file work.pdb (PDB, N, CA and C atoms)
ATOM      1  N   MET T   1      -4.135  12.201 -20.415
ATOM      2  CA  MET T   1      -3.731  12.717 -19.116
ATOM      3  C   MET T   1      -2.263  13.142 -19.224
ATOM      4  N   GLY T   2      -2.005  14.400 -18.942
ATOM      5  CA  GLY T   2      -0.651  14.919 -19.035
ATOM      6  C   GLY T   2       0.179  14.583 -17.809
ATOM      7  N   ARG T   3       1.391  15.102 -17.807
ATOM      8  CA  ARG T   3       2.302  14.834 -16.686
ATOM      9  C   ARG T   3       1.752  15.332 -15.361
ATOM     10  N   THR T   4       1.144  16.487 -15.394
ATOM     11  CA  THR T   4       0.583  17.032 -14.151
ATOM     12  C   THR T   4      -0.512  16.127 -13.616
ATOM     13  N   GLY T   5      -1.351  15.629 -14.484
ATOM     14  CA  GLY T   5      -2.413  14.723 -14.067
ATOM     15  C   GLY T   5      -1.866  13.430 -13.484
ATOM     16  N   VAL T   6      -0.815  12.900 -14.105
ATOM     17  CA  VAL T   6      -0.196  11.672 -13.602
ATOM     18  C   VAL T   6       0.412  11.920 -12.231
ATOM     19  N   LEU T   7       1.100  13.029 -12.064
ATOM     20  CA  LEU T   7       1.695  13.341 -10.763
ATOM     21  C   LEU T   7       0.630  13.531  -9.689
ATOM     22  N   ILE T   8      -0.455  14.190 -10.039
ATOM     23  CA  ILE T   8      -1.546  14.370  -9.077
ATOM     24  C   ILE T   8      -2.175  13.021  -8.733
ATOM     25  N   ALA T   9      -2.345  12.163  -9.738
ATOM     26  CA  ALA T   9      -2.918  10.837  -9.487
ATOM     27  C   ALA T   9      -2.031  10.038  -8.535
ATOM     28  N   PHE T  10      -0.721  10.062  -8.753
ATOM     29  CA  PHE T  10       0.191   9.345  -7.859
ATOM     30  C   PHE T  10       0.207   9.964  -6.472
ATOM     31  N   ALA T  11       0.069  11.275  -6.396
ATOM     32  CA  ALA T  11       0.010  11.922  -5.084
ATOM     33  C   ALA T  11      -1.237  11.483  -4.326
ATOM     34  N   VAL T  12      -2.359  11.414  -5.006
ATOM     35  CA  VAL T  12      -3.606  10.978  -4.365
ATOM     36  C   VAL T  12      -3.497   9.513  -3.934
ATOM     37  N   ILE T  13      -2.958   8.668  -4.810
ATOM     38  CA  ILE T  13      -2.768   7.254  -4.461
ATOM     39  C   ILE T  13      -1.832   7.143  -3.261
ATOM     40  N   GLY T  14      -0.754   7.895  -3.264
ATOM     41  CA  GLY T  14       0.178   7.880  -2.142
ATOM     42  C   GLY T  14      -0.463   8.335  -0.848
ATOM     43  N   TYR T  15      -1.329   9.309  -0.941
ATOM     44  CA  TYR T  15      -2.037   9.794   0.238
ATOM     45  C   TYR T  15      -2.880   8.676   0.847
ATOM     46  N   PHE T  16      -3.651   8.007   0.008
ATOM     47  CA  PHE T  16      -4.515   6.940   0.512
ATOM     48  C   PHE T  16      -3.714   5.737   1.013
ATOM     49  N   VAL T  17      -2.586   5.448   0.389
ATOM     50  CA  VAL T  17      -1.714   4.380   0.898
ATOM     51  C   VAL T  17      -1.171   4.765   2.269
ATOM     52  N   GLY T  18      -0.816   6.025   2.442
ATOM     53  CA  GLY T  18      -0.343   6.498   3.743
ATOM     54  C   GLY T  18      -1.411   6.422   4.813
ATOM     55  N   VAL T  19      -2.641   6.798   4.462
ATOM     56  CA  VAL T  19      -3.751   6.700   5.411
ATOM     57  C   VAL T  19      -3.992   5.243   5.788
ATOM     58  N   ALA T  20      -3.952   4.353   4.805
ATOM     59  CA  ALA T  20      -4.144   2.922   5.082
ATOM     60  C   ALA T  20      -3.027   2.384   5.964
ATOM     61  N   ALA T  21      -1.787   2.794   5.697
ATOM     62  CA  ALA T  21      -0.663   2.347   6.521
ATOM     63  C   ALA T  21      -0.803   2.851   7.955
ATOM     64  N   TYR T  22      -1.268   4.076   8.115
ATOM     65  CA  TYR T  22      -1.487   4.620   9.453
ATOM     66  C   TYR T  22      -2.551   3.813  10.188
ATOM     67  N   TYR T  23      -3.657   3.548   9.503
ATOM     68  CA  TYR T  23      -4.737   2.779  10.115
ATOM     69  C   TYR T  23      -4.262   1.382  10.504
ATOM     70  N   ILE T  24      -3.553   0.714   9.607
ATOM     71  CA  ILE T  24      -3.036  -0.625   9.896
ATOM     72  C   ILE T  24      -2.068  -0.572  11.064
ATOM     73  N   GLY T  25      -1.186   0.401  11.061
ATOM     74  CA  GLY T  25      -0.216   0.510  12.141
ATOM     75  C   GLY T  25      -0.840   0.806  13.484
ATOM     76  N   LYS T  26      -1.886   1.577  13.484
ATOM     77  CA  LYS T  26      -2.495   1.990  14.747
ATOM     78  C   LYS T  26      -3.517   0.989  15.285
ATOM     79  N   HIS T  27      -4.275   0.343  14.400
ATOM     80  CA  HIS T  27      -5.380  -0.496  14.846
ATOM     81  C   HIS T  27      -5.155  -1.988  14.616
ATOM     82  N   VAL T  28      -4.641  -2.342  13.484
ATOM     83  CA  VAL T  28      -4.531  -3.765  13.140
ATOM     84  C   VAL T  28      -3.249  -4.377  13.696
ATOM     85  N   TRP T  29      -2.152  -3.637  13.672
ATOM     86  CA  TRP T  29      -0.860  -4.181  14.104
ATOM     87  C   TRP T  29      -0.876  -4.679  15.555
ATOM     88  N   PRO T  30      -1.400  -3.929  16.531
ATOM     89  CA  PRO T  30      -1.439  -4.460  17.900
ATOM     90  C   PRO T  30      -2.259  -5.753  18.011
ATOM     91  N   TRP T  31      -3.358  -5.820  17.283
ATOM     92  CA  TRP T  31      -4.158  -7.036  17.294
ATOM     93  C   TRP T  31      -3.383  -8.209  16.696
ATOM     94  N   LEU T  32      -2.680  -7.965  15.593
ATOM     95  CA  LEU T  32      -1.880  -9.033  14.980
ATOM     96  C   LEU T  32      -0.790  -9.528  15.919
ATOM     97  N   LEU T  33      -0.186  -8.622  16.669
ATOM     98  CA  LEU T  33       0.863  -9.032  17.605
ATOM     99  C   LEU T  33       0.313  -9.909  18.728
ATOM    100  N   GLU T  34      -0.933  -9.679  19.111
ATOM    101  CA  GLU T  34      -1.549 -10.541  20.120
ATOM    102  C   GLU T  34      -1.880 -11.913  19.549
ATOM    103  N   VAL T  35      -2.385 -11.931  18.320
ATOM    104  CA  VAL T  35      -2.798 -13.183  17.704
ATOM    105  C   VAL T  35      -1.593 -13.983  17.210
ATOM    106  N   LEU T  36      -0.655 -13.297  16.597
ATOM    107  CA  LEU T  36       0.537 -13.939  16.022
ATOM    108  C   LEU T  36       1.793 -13.274  16.583
ATOM    109  N   PRO T  37       2.222 -13.649  17.784
ATOM    110  CA  PRO T  37       3.337 -12.945  18.434
ATOM    111  C   PRO T  37       4.677 -13.060  17.700
ATOM    112  N   PHE T  38       4.850 -14.051  16.837
ATOM    113  CA  PHE T  38       6.116 -14.168  16.120
ATOM    114  C   PHE T  38       6.332 -13.025  15.133
ATOM    115  N   LEU T  39       5.245 -12.285  14.797
ATOM    116  CA  LEU T  39       5.384 -11.151  13.890
ATOM    117  C   LEU T  39       6.202 -10.017  14.500
ATOM    118  N   ALA T  40       6.283  -9.979  15.821
ATOM    119  CA  ALA T  40       7.055  -8.928  16.480
ATOM    120  C   ALA T  40       8.532  -9.013  16.104
ATOM    121  N   GLN T  41       8.985 -10.194  15.764
ATOM    122  CA  GLN T  41      10.389 -10.385  15.392
ATOM    123  C   GLN T  41      10.565 -10.499  13.888
ATOM    124  N   ALA T  42       9.494 -10.420  13.119
ATOM    125  CA  ALA T  42       9.575 -10.604  11.676
ATOM    126  C   ALA T  42       9.072  -9.373  10.934
ATOM    127  N   ASP T  43       9.514  -8.190  11.350
ATOM    128  CA  ASP T  43       9.021  -6.972  10.713
ATOM    129  C   ASP T  43       9.420  -6.878   9.251
ATOM    130  N   TRP T  44      10.523  -7.499   8.863
ATOM    131  CA  TRP T  44      10.942  -7.470   7.460
ATOM    132  C   TRP T  44       9.959  -8.246   6.583
ATOM    133  N   ILE T  45       9.316  -9.271   7.139
ATOM    134  CA  ILE T  45       8.312 -10.019   6.378
ATOM    135  C   ILE T  45       7.093  -9.136   6.119
ATOM    136  N   ILE T  46       6.642  -8.449   7.147
ATOM    137  CA  ILE T  46       5.483  -7.565   7.006
ATOM    138  C   ILE T  46       5.789  -6.440   6.017
ATOM    139  N   ALA T  47       6.975  -5.856   6.115
ATOM    140  CA  ALA T  47       7.349  -4.786   5.185
ATOM    141  C   ALA T  47       7.366  -5.300   3.744
ATOM    142  N   GLY T  48       7.859  -6.498   3.548
ATOM    143  CA  GLY T  48       7.876  -7.081   2.207
ATOM    144  C   GLY T  48       6.485  -7.346   1.669
ATOM    145  N   ILE T  49       5.606  -7.851   2.525
ATOM    146  CA  ILE T  49       4.237  -8.127   2.099
ATOM    147  C   ILE T  49       3.510  -6.828   1.756
ATOM    148  N   ILE T  50       3.657  -5.819   2.595
ATOM    149  CA  ILE T  50       3.017  -4.526   2.317
ATOM    150  C   ILE T  50       3.574  -3.917   1.034
ATOM    151  N   GLY T  51       4.879  -4.003   0.853
ATOM    152  CA  GLY T  51       5.483  -3.497  -0.384
ATOM    153  C   GLY T  51       4.967  -4.217  -1.619
ATOM    154  N   ALA T  52       4.805  -5.534  -1.521
ATOM    155  CA  ALA T  52       4.285  -6.301  -2.650
ATOM    156  C   ALA T  52       2.844  -5.921  -2.961
ATOM    157  N   ILE T  53       2.034  -5.752  -1.924
ATOM    158  CA  ILE T  53       0.635  -5.387  -2.132
ATOM    159  C   ILE T  53       0.524  -4.005  -2.770
ATOM    160  N   VAL T  54       1.284  -3.046  -2.257
ATOM    161  CA  VAL T  54       1.251  -1.692  -2.813
ATOM    162  C   VAL T  54       1.696  -1.703  -4.275
ATOM    163  N   THR T  55       2.738  -2.462  -4.584
ATOM    164  CA  THR T  55       3.231  -2.525  -5.953
ATOM    165  C   THR T  55       2.195  -3.132  -6.886
ATOM    166  N   VAL T  56       1.565  -4.210  -6.473
ATOM    167  CA  VAL T  56       0.539  -4.836  -7.310
ATOM    168  C   VAL T  56      -0.628  -3.884  -7.537
ATOM    169  N   VAL T  57      -1.055  -3.201  -6.498
ATOM    170  CA  VAL T  57      -2.159  -2.249  -6.649
ATOM    171  C   VAL T  57      -1.770  -1.143  -7.626
ATOM    172  N   LEU T  58      -0.569  -0.616  -7.501
ATOM    173  CA  LEU T  58      -0.133   0.446  -8.415
ATOM    174  C   LEU T  58      -0.065  -0.041  -9.853
ATOM    175  N   VAL T  59       0.424  -1.254 -10.073
ATOM    176  CA  VAL T  59       0.510  -1.787 -11.436
ATOM    177  C   VAL T  59      -0.886  -2.029 -12.005
ATOM    178  N   VAL T  60      -1.802  -2.515 -11.200
ATOM    179  CA  VAL T  60      -3.170  -2.729 -11.675
ATOM    180  C   VAL T  60      -3.821  -1.397 -12.038
ATOM    181  N   VAL T  61      -3.662  -0.401 -11.184
ATOM    182  CA  VAL T  61      -4.220   0.924 -11.489
ATOM    183  C   VAL T  61      -3.598   1.473 -12.761
ATOM    184  N   TRP T  62      -2.296   1.345 -12.889
ATOM    185  CA  TRP T  62      -1.608   1.830 -14.093
ATOM    186  C   TRP T  62      -2.104   1.099 -15.330
ATOM    187  N   SER T  63      -2.273  -0.223 -15.233
ATOM    188  CA  SER T  63      -2.682  -0.984 -16.414
ATOM    189  C   SER T  63      -4.100  -0.603 -16.854
ATOM    190  N   TYR T  64      -4.986  -0.339 -15.906
ATOM    191  CA  TYR T  64      -6.342   0.049 -16.273
ATOM    192  C   TYR T  64      -6.400   1.478 -16.817
ATOM    193  N   THR T  65      -5.537   2.349 -16.334
ATOM    194  CA  THR T  65      -5.590   3.735 -16.822
ATOM    195  C   THR T  65      -4.921   3.886 -18.182
ATOM    196  N   THR T  66      -4.047   2.961 -18.550
ATOM    197  CA  THR T  66      -3.355   3.068 -19.836
ATOM    198  C   THR T  66      -3.894   2.070 -20.862
ATOM    199  N   LYS T  67      -4.998   1.383 -20.532
ATOM    200  CA  LYS T  67      -5.549   0.392 -21.446
ATOM    201  C   LYS T  67      -6.043   1.094 -22.704
ATOM    202  N   SER T  68      -5.643   0.557 -23.872
ATOM    203  CA  SER T  68      -6.116   1.137 -25.117
ATOM    204  C   SER T  68      -7.482   0.548 -25.471
ATOM    205  N   SER T  69      -8.335   1.380 -26.015
ATOM    206  CA  SER T  69      -9.711   0.950 -26.300
ATOM    207  C   SER T  69      -9.794   0.236 -27.611
TER
END

call {"tool": "encode", "arguments": {"input": "work.pdb", "output": "structure tokens"}}
result
Amino acid sequence: MGRTGVLIAFAVIGYFVGVAAYYIGKHVWPWLLEVLPFLAQADWIIAGIIGAIVTVVLVVVWSYTTKSS
């Protein structure tokens, strides 16, 4: 996979991460605020957790795509 393929792959992954973030922000976040109201004041915790999840997913995808046979 050349550079163009890698860039396209990251663009597609970024697109789906953006769609997931939109869905979470629009549908799940209001429900979480009702269930766990302390999250309204802890947005940095949520941002950190989302960042960690996205990073782990990207590293897992990268490790599987670069695995030598």

call {"tool": "residues_around", "arguments": {"input": "work.pdb", "residues": "Ala21 in chain T", "least_positions_apart": "4", "cutoff": "12 Å", "atoms": "only C-alpha atoms", "output": "PyMOL selection string"}}
result
chain T and resi 14-17+25-29+46-47+50-51+53-54

call {"tool": "write_last_selection", "arguments": {"input": "work.pdb", "atoms": "N, CA and C atoms", "output": "CSV table (one decimal), in the frame of the given file"}}
result
chain,number,residue,atom,x,y,z
T,14,GLY,N,-0.8,7.9,-3.3
T,14,GLY,CA,0.2,7.9,-2.1
T,14,GLY,C,-0.5,8.3,-0.8
T,15,TYR,N,-1.3,9.3,-0.9
T,15,TYR,CA,-2.0,9.8,0.2
T,15,TYR,C,-2.9,8.7,0.8
T,16,PHE,N,-3.7,8.0,0.0
T,16,PHE,CA,-4.5,6.9,0.5
T,16,PHE,C,-3.7,5.7,1.0
T,17,VAL,N,-2.6,5.4,0.4
T,17,VAL,CA,-1.7,4.4,0.9
T,17,VAL,C,-1.2,4.8,2.3
T,25,GLY,N,-1.2,0.4,11.1
T,25,GLY,CA,-0.2,0.5,12.1
T,25,GLY,C,-0.8,0.8,13.5
T,26,LYS,N,-1.9,1.6,13.5
T,26,LYS,CA,-2.5,2.0,14.7
T,26,LYS,C,-3.5,1.0,15.3
T,27,HIS,N,-4.3,0.3,14.4
T,27,HIS,CA,-5.4,-0.5,14.8
T,27,HIS,C,-5.2,-2.0,14.6
T,28,VAL,N,-4.6,-2.3,13.5
T,28,VAL,CA,-4.5,-3.8,13.1
T,28,VAL,C,-3.2,-4.4,13.7
T,29,TRP,N,-2.2,-3.6,13.7
T,29,TRP,CA,-0.9,-4.2,14.1
T,29,TRP,C,-0.9,-4.7,15.6
T,46,ILE,N,6.6,-8.4,7.1
T,46,ILE,CA,5.5,-7.6,7.0
T,46,ILE,C,5.8,-6.4,6.0
T,47,ALA,N,7.0,-5.9,6.1
T,47,ALA,CA,7.3,-4.8,5.2
T,47,ALA,C,7.4,-5.3,3.7
T,50,ILE,N,3.7,-5.8,2.6
T,50,ILE,CA,3.0,-4.5,2.3
T,50,ILE,C,3.6,-3.9,1.0
T,51,GLY,N,4.9,-4.0,0.9
T,51,GLY,CA,5.5,-3.5,-0.4
T,51,GLY,C,5.0,-4.2,-1.6
T,53,ILE,N,2.0,-5.8,-1.9
T,53,ILE,CA,0.6,-5.4,-2.1
T,53,ILE,C,0.5,-4.0,-2.8
T,54,VAL,N,1.3,-3.0,-2.3
T,54,VAL,CA,1.3,-1.7,-2.8
T,54,VAL,C,1.7,-1.7,-4.3

call {"tool": "axis_aligned_box", "arguments": {"input": "work.pdb", "around": "range 44-48 of chain T", "padding_each_side": "5 Å", "output": "AutoDock Vina command-line options"}}
result
--center_x 8.2 --center_y -7.4 --center_z 5.3 --size_x 15.5 --size_y 15.2 --size_z 17.2

call {"tool": "select_by_dssp", "arguments": {"input": "work.pdb", "residues": "chain T", "states": "alpha helix (DSSP H)", "output": "number ranges by chain"}}
result
T: 3-23, 29-35, 43-65

call {"tool": "atom_distance", "arguments": {"input": "work.pdb", "atom1": "atom C of Ile45 in chain T", "atom2": "atom N of Ile13 in chain T"}}
result
23.2 Å

call {"tool": "atom_distance", "arguments": {"input": "work.pdb", "atom1": "atom N of Gly5 in chain T", "atom2": "atom N of Thr66 in chain T"}}
result
13.6 Å

call {"tool": "atom_distance", "arguments": {"input": "work.pdb", "atom1": "CA of Ile49 in chain T", "atom2": "CA of Trp62 in chain T"}}
result
19.9 Å
